[in-house]
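Written out below as structure tokens is the structure these notes cover.
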Amino acid sequence: MTKSLFFRLMGAFALVIVLGYSIVYIIANQATANEFHFYMFRGQMVVTQDVANQLADYYRARKSWDGVESILLRDMPSSTGMRGGEMMNSAMMGTPHLWLADARGIIIAATDNSRRGQQAIASELASGTAIRVDGQTIGTLLTDASALNMTMDASSQDFLSQVNRSLLLAGLIATMVALVLGFILFRQITAPLDALTHATQKIAEGDLKARAVVRGEDEISRLGRSFNAMAENLDHSEIARRNMLADVAHELRNPLGVIQSHLEAMLDGVFPTTPEQIASLHDETLLLNRIIDDLRDLALADAGQLSLHRATTDLRSLIERTTESFQAQAAEHQITLRHDLMEDPLALNIDAQRIEQVLRNLISNALRYNSVGARVTTKLARVGNMARIEVTDTGSGIPADTAHRVFERFWRGDKSRALGGSGLGLAIAKQWVEAHGGQIGVTNEMGTGTTFWFTLPL
């Protein structure tokens with residue numbers, strides 16, 4: 001379970017949440033403590049200044065500090081126009097020690113009646129709050145810094161405890177919400193991956209029909225579609241492989257069956273051992289050998305190991321020579337065979353034997369599948385940086401629903417196989433043309449004829 005992507009994502013997500021919350025908690029706690037201390041200090045300074053202002057008003061009203069100690073220890077007389085003792089006590093709350101020093105720095109009054117008559121030290125006077133009347137300093141209000149800090153620390157602890165509890169509660173709620181959202185998000189990520197893994201396992205077990213359920217348009221969905229496309233291609237390849245094995249067995253069985261039956265008949269004395277019978281068996285062995293050679297060429301093409309023996313060749317002369325070699329066969333089938341070639345020679349760096357093999361295949365197919373009176377024309381033209389070779393006939397054409405299959409292995413328009421051929425010629429021709437860097441194709445129109453074409457780079 002610890003190896004599950006879902007649990008690893010959840011664990012990493014939870015760790016990030018905890019680390020992030022811890023950092024926020026520490027920073028927020030420190031910032032709050034600093035701000036609270038500053039707030040308390042500023043509040044105390046306001047309180048001290050307020051007391052100093054009241055004492056200044058007291059001095060201004062009496063022109064002396066006589067009786068001021070009683071004012072610090074009990075209610076301030078209302079006749080002074082100052083606020084009452086209740087307000088004074090409220091102002092001094094949290095400031096337990098206050099001393100009043102006169103202009104000479106001698107302490108003349110205190111909230112706790114201590115240090116009376118003592119000389120205040122210079123640092124205390126410097127940090128104290130000056131009391132001014134008509135622009136003159138008539139005294140200094142001193143505070144007990146240690147008591148002030150103790151008061152602030154106690155208050156801040158209570159406040160920070162409340163803040164910490166609030167932060168912990170908010171962090172707990174945020175963590176729970178984040179984990180729930182993370183659970184939903186990570187399930188949306190891992191569920192398609194689980195389905196893809198399940199489909200992959202079924203493919204590995206041999207079920208090439210297995211497909212992953214794909215929803216959405218994100219990266220995982222695109223991965224699922226790519227997987228399904230791969231599985232589809234594997235399925236088609238497996239079907240093609242099985243069909244090819246069946247076709248290979250069929251093609252090899254025909255000549256072998258003929259050879260076997262003829263030899264058995266000769267052994268039984270049914271057929272005489274004549275040169276004609278031996279020639280017939282020789283033809284079947286040639287057919288068998290040609291099929292094996294074709295299969296070998298296709299295997300080499302699939303492995304990317306087709307070898308070309310290139311040499312500078314006059315393509316015009318090659319086409320003319322190859323076309324003329326079929327004149328006798330064309331006359332036998334009562335088909336007109338001619339060529340329409342450019343006047344100037346066209347030199348290409350090609351494997352002449354393989355290109356002639358391609359051309360022979362196209363011409364022989366045109367003669368085989370056309371009826372008496374048809375015309376077959378070979379053409380050569382220069383199109384841009386390519387040489388284009390065409391073999392056109394005036395036959396009935398290829399049905400539109402099967403024209404795209406003519407370059408498939410073992411596919412033949414003549415299902416009865418009465419016209420011969422192994423169904424490998426066009427597939428091999430395609431491999432040789434593409435090995436030269438060209439393309440091969442067919443244009444077809446029912447009732448008017450078919451044109452097989454291929455191109456070669458100049």
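Numbering starts fresh at 1 for the residues of each chain in the structure tokens, the chains themselves are lettered A, B, ... in the order given, and ligands are numbered from 1 as they appear.
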
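Around region 304-319 of chain A, within 6 Å and counting only C-alpha atoms, the residues found are Pro345, Leu346, Ala347, Leu348, Asn349, Ile350 and Asp351 of chain A, once anything fewer than 6 positions away on its own chain is removed.
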
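Distance annotation: of A:Leu341, A:Leu424, A:Leu286, A:Ala328, the residue with the minimal separation from Asn361 (chain A) is A:Leu424; atom set is only C-alpha atoms.
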
Once DSSP has gone over the backbone, tell me which residues of region 168-331 of chain A are in strand (DSSP E), as a ChimeraX atom specification.
-> /A:311-314

Could you please take those selected residues and save N, CA and C atoms as a PDB file, in the first residue's frame?
```
ATOM      1  N   ALA A 311      23.392   3.363 -58.719  1.00  0.00           N
ATOM      2  CA  ALA A 311      24.321   3.757 -59.786  1.00  0.00           C
ATOM      3  C   ALA A 311      23.584   4.750 -60.672  1.00  0.00           C
ATOM      4  N   THR A 312      24.327   5.599 -61.338  1.00  0.00           N
ATOM      5  CA  THR A 312      23.705   6.568 -62.239  1.00  0.00           C
ATOM      6  C   THR A 312      23.069   5.822 -63.413  1.00  0.00           C
ATOM      7  N   THR A 313      21.765   6.033 -63.577  1.00  0.00           N
ATOM      8  CA  THR A 313      20.989   5.278 -64.572  1.00  0.00           C
ATOM      9  C   THR A 313      20.114   6.225 -65.366  1.00  0.00           C
ATOM     10  N   ASP A 314      20.033   5.981 -66.682  1.00  0.00           N
ATOM     11  CA  ASP A 314      19.112   6.751 -67.533  1.00  0.00           C
ATOM     12  C   ASP A 314      17.727   6.139 -67.368  1.00  0.00           C
TER      13      ASP A 314
END
```

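Of note, CA of Ser4 (chain A) and CA of Leu208 (chain A) are spaced 26.3 Å apart.
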
Every residue of region 185-396 of chain A that DSSP places in alpha helix (DSSP H), as a VMD selection string = chain A and resid 185 to 204 219 to 267 275 to 302 315 to 324 327 to 332 352 to 368

Contacts of Leu295 (chain A) at 9 Å or less, counting only C-alpha atoms, minus same-chain residues fewer than 3 places along, as a ChimeraX atom specification?
-> /A:248,290-292,298-300,424,428

Within 12 Å of Ser221 (chain A), counting only C-alpha atoms, which residues show up once you throw out same-chain ones fewer than 5 positions away? Write them as a VMD selection string, please.
-> chain A and resid 188 to 193 195 to 196 212 to 216 226 to 228

Let me see the file: selected residues, C-alpha atoms, as a JSON list (two decimals), in the first residue's frame.
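To be explicit, this is the file written out as part05.json:
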```json
[["chain", "number", "residue", "atom", "x", "y", "z"],
["A", 188, "GLN", "CA", -9.34, 11.91, -10.11],
["A", 189, "ILE", "CA", -5.66, 11.55, -11.06],
["A", 190, "THR", "CA", -5.05, 7.97, -9.95],
["A", 191, "ALA", "CA", -8.38, 6.41, -10.99],
["A", 192, "PRO", "CA", -7.66, 6.80, -14.76],
["A", 193, "LEU", "CA", -4.13, 5.51, -14.13],
["A", 195, "ALA", "CA", -7.89, 1.83, -15.29],
["A", 196, "LEU", "CA", -4.97, 2.25, -17.69],
["A", 212, "ALA", "CA", -8.89, 2.06, -21.24],
["A", 213, "VAL", "CA", -11.93, 4.19, -20.40],
["A", 214, "VAL", "CA", -11.03, 7.77, -21.26],
["A", 215, "ARG", "CA", -12.83, 10.90, -20.09],
["A", 216, "GLY", "CA", -11.77, 14.53, -20.29],
["A", 226, "SER", "CA", -2.62, 7.10, -27.08],
["A", 227, "PHE", "CA", -2.72, 3.78, -25.27],
["A", 228, "ASN", "CA", -6.01, 2.85, -26.95]]
```

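Between Gln54 (chain A) and the candidates A:Val133, A:Val270, A:Leu181, A:Met244, the tightest atom-to-atom separation, counting only C-alpha atoms, involves A:Val133.
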
Close residues, region 136-139 of chain A itself excluded, 8 Å, only C-alpha atoms, min 3 positions apart in chain, as a PyMOL selection string = chain A and resi 100-105+130-133

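Here CA of Ser325 (chain A) stands at a distance of 26.3 Å from CA of Arg296 (chain A).
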
Show me, as JSON lines, the residues of region 319-379 of chain A having an atom within 8 Å of region 386-403 of chain A, each with the closest atom pair and its distance in Å, using only C-alpha atoms.
```
{"residue": "A:Leu362", "atom": "CA", "partner": "A:Val391", "partner_atom": "CA", "distance": 6.7}
{"residue": "A:Ile363", "atom": "CA", "partner": "A:Val391", "partner_atom": "CA", "distance": 6.7}
{"residue": "A:Ala366", "atom": "CA", "partner": "A:Asp393", "partner_atom": "CA", "distance": 6.5}
{"residue": "A:Tyr369", "atom": "CA", "partner": "A:Gly395", "partner_atom": "CA", "distance": 7.9}
{"residue": "A:Asn370", "atom": "CA", "partner": "A:Gly395", "partner_atom": "CA", "distance": 5.4}
{"residue": "A:Ser371", "atom": "CA", "partner": "A:Gly395", "partner_atom": "CA", "distance": 7.1}
{"residue": "A:Ala374", "atom": "CA", "partner": "A:Thr394", "partner_atom": "CA", "distance": 5.6}
{"residue": "A:Arg375", "atom": "CA", "partner": "A:Asp393", "partner_atom": "CA", "distance": 5.5}
{"residue": "A:Val376", "atom": "CA", "partner": "A:Asp393", "partner_atom": "CA", "distance": 4.4}
{"residue": "A:Thr377", "atom": "CA", "partner": "A:Thr392", "partner_atom": "CA", "distance": 5.2}
{"residue": "A:Thr378", "atom": "CA", "partner": "A:Val391", "partner_atom": "CA", "distance": 4.6}
{"residue": "A:Lys379", "atom": "CA", "partner": "A:Glu390", "partner_atom": "CA", "distance": 5.0}
```

Find the residues near region 118-127 of chain A: any atom within 7 Å, counting only C-alpha atoms, skip ones fewer than 3 places away on the same chain, and give them as JSON, numbers by chain.
-> {"A": [105, 106, 107, 115, 140, 142]}

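One distance worth recording is that between CA of Leu380 (chain A) and CA of Met342 (chain A), which is 6.2 Å.
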
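Among the candidates A:Ser22, A:Ser364, A:Gln353, A:Thr273, the one nearest to Gln329 (chain A) when counting only C-alpha atoms is A:Ser364.
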
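Each of A:Ala429, A:Leu287, A:Leu141, A:Val163 was checked against Pro255 (chain A) using only C-alpha atoms; the smallest atom-to-atom distance is that of A:Leu287.
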
Please provide the set of residues having any atom within 9 Å of Ile17 (chain A), restricted to only C-alpha atoms, with same-chain residues fewer than 5 positions apart removed, written as an MDAnalysis selection string.
-> chainID A and resid 12 22 175 178:179

Can I get the selected residues back with all heavy atoms, as an mmCIF file, in the first residue's frame?
```cif
data_model
loop_
_atom_site.group_PDB
_atom_site.id
_atom_site.type_symbol
_atom_site.label_atom_id
_atom_site.label_comp_id
_atom_site.auth_asym_id
_atom_site.auth_seq_id
_atom_site.Cartn_x
_atom_site.Cartn_y
_atom_site.Cartn_z
ATOM 1 N N ALA A 12 2.520 13.119 0.761
ATOM 2 C CA ALA A 12 3.278 14.326 0.417
ATOM 3 C C ALA A 12 2.433 15.572 0.619
ATOM 4 O O ALA A 12 2.918 16.603 1.108
ATOM 5 C CB ALA A 12 3.763 14.238 -1.026
ATOM 6 N N SER A 22 2.865 24.987 9.953
ATOM 7 C CA SER A 22 3.829 25.254 11.028
ATOM 8 C C SER A 22 4.553 26.569 10.794
ATOM 9 O O SER A 22 4.733 27.372 11.726
ATOM 10 C CB SER A 22 4.845 24.105 11.110
ATOM 11 O OG SER A 22 4.198 22.882 11.406
ATOM 12 N N THR A 175 -6.723 22.140 7.516
ATOM 13 C CA THR A 175 -6.067 20.876 7.166
ATOM 14 C C THR A 175 -7.076 19.825 6.747
ATOM 15 O O THR A 175 -6.882 19.112 5.749
ATOM 16 C CB THR A 175 -5.246 20.363 8.351
ATOM 17 O OG1 THR A 175 -4.240 21.330 8.682
ATOM 18 C CG2 THR A 175 -4.583 19.038 8.024
ATOM 19 N N ALA A 178 -8.434 20.744 3.320
ATOM 20 C CA ALA A 178 -7.409 20.508 2.295
ATOM 21 C C ALA A 178 -7.237 19.022 2.019
ATOM 22 O O ALA A 178 -7.082 18.608 0.862
ATOM 23 C CB ALA A 178 -6.084 21.130 2.731
ATOM 24 N N LEU A 179 -7.267 18.191 3.072
ATOM 25 C CA LEU A 179 -7.117 16.751 2.873
ATOM 26 C C LEU A 179 -8.294 16.158 2.107
ATOM 27 O O LEU A 179 -8.119 15.277 1.255
ATOM 28 C CB LEU A 179 -6.951 16.048 4.225
ATOM 29 C CG LEU A 179 -5.615 16.275 4.936
ATOM 30 C CD1 LEU A 179 -5.621 15.613 6.313
ATOM 31 C CD2 LEU A 179 -4.457 15.744 4.102
#
```

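Proximity of A:Asp158, A:Leu367, A:Arg165, A:Thr129 to Val46 (chain A), computed with only C-alpha atoms, is greatest for A:Thr129.
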